[in-house]
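Undergrad: Take this structure first; my questions come after.
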Amino acid sequence: MTESVDLVLREMRWWDIERVLELEKDLFPEDAWSRGMFWSDLAHARGPQATRRYLVAVDPAADDRIVGYAGLAAAGDVADVQTIAVARDHWGTGLGGRLLTELLSAATAFECAEVLLECRIDNVRAQKLYERFGFEAIGFRRGYYQPGNVDALVMRLTDPSTSVAGTQGNETNG
């Protein structure tokens, strides 16, 4: 297993979409994002009016295989974690924490006062990651994930800049 520190995090670009979709379909077979959803968000990720930040984690030791990705959308003073995914063979390496740290840094750069996210109610692993970063459960969205009709736990983090500062060097799981 490659440690997270050996991986390169970089901006996601349009030419990454096909490889990201492969990972997306493996990890989220019932409710995977479509090609169009990624294209739409990436269209808002560059330039002076950017409101999105998308990253990929690349393993240079494995022919630049994409082993993770993450995305954030900002609107006013609120950011929303759109997605975080880590390849199964990289679970437990700290990659999820690295990706989340980058998203929270982006939320801070976008001058967001809080960050929201939805997490599958049955994804305890992700919930623990978010809790380590200071996210708190604030509600549910019934039947949010379709077609499986799975509920979402809504979580919120206030002041992402404080959370990022408090987790530097402490993302060993995820």
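Chain lettering (A, B, ...) mirrors the order of the structure tokens, residue numbering begins at 1 for each chain separately, and ligand numbering begins at 1 in order of display.
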So that I can check the secondary structure, give me every residue of range 100-137 of chain A assigned strand (DSSP E or B) by backbone DSSP, as a PyMOL selection string.
TA: chain A and resi 114-120+136-137
Undergrad: Can you write just those residues out, N, CA, C and O atoms, as an mmCIF file, in the first residue's frame?
TA:
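File written: part_22.cif
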```cif
data_model
loop_
_atom_site.group_PDB
_atom_site.id
_atom_site.type_symbol
_atom_site.label_atom_id
_atom_site.label_comp_id
_atom_site.auth_asym_id
_atom_site.auth_seq_id
_atom_site.Cartn_x
_atom_site.Cartn_y
_atom_site.Cartn_z
ATOM 1 N N GLU A 114 -18.648 28.717 6.745
ATOM 2 C CA GLU A 114 -19.000 27.358 7.130
ATOM 3 C C GLU A 114 -18.971 26.442 5.915
ATOM 4 O O GLU A 114 -19.045 26.901 4.770
ATOM 5 N N VAL A 115 -18.858 25.141 6.210
ATOM 6 C CA VAL A 115 -18.819 24.122 5.171
ATOM 7 C C VAL A 115 -19.876 23.075 5.515
ATOM 8 O O VAL A 115 -19.952 22.613 6.655
ATOM 9 N N LEU A 116 -20.668 22.732 4.524
ATOM 10 C CA LEU A 116 -21.702 21.707 4.679
ATOM 11 C C LEU A 116 -21.350 20.494 3.829
ATOM 12 O O LEU A 116 -20.576 20.598 2.865
ATOM 13 N N LEU A 117 -21.935 19.359 4.170
ATOM 14 C CA LEU A 117 -21.800 18.164 3.345
ATOM 15 C C LEU A 117 -22.921 17.205 3.664
ATOM 16 O O LEU A 117 -23.561 17.304 4.713
ATOM 17 N N GLU A 118 -23.176 16.303 2.732
ATOM 18 C CA GLU A 118 -24.074 15.180 2.944
ATOM 19 C C GLU A 118 -23.230 13.916 2.859
ATOM 20 O O GLU A 118 -22.349 13.816 2.008
ATOM 21 N N CYS A 119 -23.534 12.984 3.743
ATOM 22 C CA CYS A 119 -22.811 11.719 3.790
ATOM 23 C C CYS A 119 -23.834 10.602 3.937
ATOM 24 O O CYS A 119 -24.787 10.732 4.713
ATOM 25 N N ARG A 120 -23.657 9.535 3.175
ATOM 26 C CA ARG A 120 -24.570 8.391 3.314
ATOM 27 C C ARG A 120 -24.641 7.982 4.781
ATOM 28 O O ARG A 120 -23.605 7.889 5.450
ATOM 29 N N GLU A 136 -20.106 18.540 12.554
ATOM 30 C CA GLU A 136 -21.154 18.060 13.449
ATOM 31 C C GLU A 136 -22.402 17.744 12.647
ATOM 32 O O GLU A 136 -22.735 18.459 11.693
ATOM 33 N N ALA A 137 -23.080 16.682 13.050
ATOM 34 C CA ALA A 137 -24.343 16.315 12.396
ATOM 35 C C ALA A 137 -25.405 17.348 12.742
ATOM 36 O O ALA A 137 -25.540 17.736 13.899
#
```
Undergrad: DSSP on the backbone: what in range 2-31 of chain A comes out helix (DSSP H, G or I), as an MDAnalysis selection string?
TA: chainID A and resid 4:6 14:27
Undergrad: What would the file look like if the residues just selected were written as a PDB file, in the first residue's frame with C-alpha atoms?
TA:
```pdb
ATOM      1  CA  SER A   4      -0.526   9.126   1.286  1.00  0.00           C
ATOM      2  CA  VAL A   5       2.626  11.268   1.416  1.00  0.00           C
ATOM      3  CA  ASP A   6       3.947   9.551  -1.732  1.00  0.00           C
ATOM      4  CA  TRP A  14     -11.150  17.662 -17.988  1.00  0.00           C
ATOM      5  CA  TRP A  15      -8.763  14.944 -19.194  1.00  0.00           C
ATOM      6  CA  ASP A  16      -9.011  13.287 -15.739  1.00  0.00           C
ATOM      7  CA  ILE A  17     -12.769  12.756 -15.960  1.00  0.00           C
ATOM      8  CA  GLU A  18     -12.692   9.310 -17.594  1.00  0.00           C
ATOM      9  CA  ARG A  19     -10.292   7.901 -14.981  1.00  0.00           C
ATOM     10  CA  VAL A  20     -12.245   9.575 -12.165  1.00  0.00           C
ATOM     11  CA  LEU A  21     -15.457   8.007 -13.499  1.00  0.00           C
ATOM     12  CA  GLU A  22     -13.892   4.537 -13.280  1.00  0.00           C
ATOM     13  CA  LEU A  23     -13.160   5.082  -9.594  1.00  0.00           C
ATOM     14  CA  GLU A  24     -16.564   6.735  -9.056  1.00  0.00           C
ATOM     15  CA  LYS A  25     -18.402   3.727 -10.502  1.00  0.00           C
ATOM     16  CA  ASP A  26     -16.365   1.306  -8.382  1.00  0.00           C
ATOM     17  CA  LEU A  27     -16.949   3.182  -5.118  1.00  0.00           C
TER      18      LEU A  27
END
```
Undergrad: Residues of range 87-161 of chain A within 12 Å of range 62-79 of chain A: nearest atom pair and distance (Å, one decimal) for each, counting only C-alpha atoms, sorted by chain and number, as CSV?
TA:
```
residue,atom,partner,partner_atom,distance
A:Ala87,CA,A:Val67,CA,5.0
A:Arg88,CA,A:Val67,CA,8.5
A:Asp89,CA,A:Val67,CA,8.4
A:His90,CA,A:Val67,CA,7.2
A:Trp91,CA,A:Val67,CA,9.9
A:Thr93,CA,A:Val67,CA,11.3
A:Gly94,CA,A:Gly68,CA,11.2
A:Leu95,CA,A:Gly68,CA,7.6
A:Gly96,CA,A:Gly68,CA,8.0
A:Gly97,CA,A:Ala70,CA,10.8
A:Arg98,CA,A:Ala70,CA,10.0
A:Leu99,CA,A:Ala70,CA,6.2
A:Leu100,CA,A:Ala70,CA,7.6
A:Thr101,CA,A:Ala70,CA,10.4
A:Glu102,CA,A:Ala70,CA,8.8
A:Leu103,CA,A:Leu72,CA,6.1
A:Leu104,CA,A:Leu72,CA,8.6
A:Ser105,CA,A:Leu72,CA,10.4
A:Ala106,CA,A:Leu72,CA,7.8
A:Ala107,CA,A:Ala79,CA,6.0
A:Thr108,CA,A:Ala79,CA,9.2
A:Ala109,CA,A:Ala74,CA,10.1
A:Phe110,CA,A:Ala74,CA,6.8
A:Glu111,CA,A:Asp77,CA,6.2
A:Cys112,CA,A:Asp77,CA,4.0
A:Ala113,CA,A:Asp77,CA,5.3
A:Glu114,CA,A:Val78,CA,5.2
A:Val115,CA,A:Ala79,CA,4.6
A:Leu116,CA,A:Ala79,CA,6.2
A:Leu117,CA,A:Ala79,CA,8.6
A:Met155,CA,A:Ala79,CA,11.9
A:Arg156,CA,A:Ala79,CA,9.8
A:Leu157,CA,A:Ala79,CA,9.7
A:Thr158,CA,A:Val78,CA,9.5
A:Asp159,CA,A:Val78,CA,10.1
A:Pro160,CA,A:Ala79,CA,9.6
```
Undergrad: List as a PDB file with C-alpha atoms, in the first residue's frame the protein and nucleic acid residues near Val8 in chain A, meaning an atom at most 7 Å away when only C-alpha atoms are counted, but skip any in the same chain fewer than 6 places from it.
TA:
```pdb
ATOM      1  CA  ALA A  57      -4.632  12.284  -6.002  1.00  0.00           C
ATOM      2  CA  VAL A  58      -2.158  10.677  -8.373  1.00  0.00           C
ATOM      3  CA  ASP A  59       0.214   7.800  -7.605  1.00  0.00           C
TER       4      ASP A  59
END
```
Undergrad: Show me, as a list of chain:residue names, the residues that have an atom within 10 Å of Pro147 in chain A when counting only C-alpha atoms, minus same-chain residues fewer than 3 positions from it.
TA: A:Glu30, A:Asp31, A:Gly143, A:Tyr144, A:Val150
Undergrad: Calculate how many Å separate CA of His44 in chain A from CA of Glu11 in chain A, rounding to one decimal.
TA: 12.7 Å
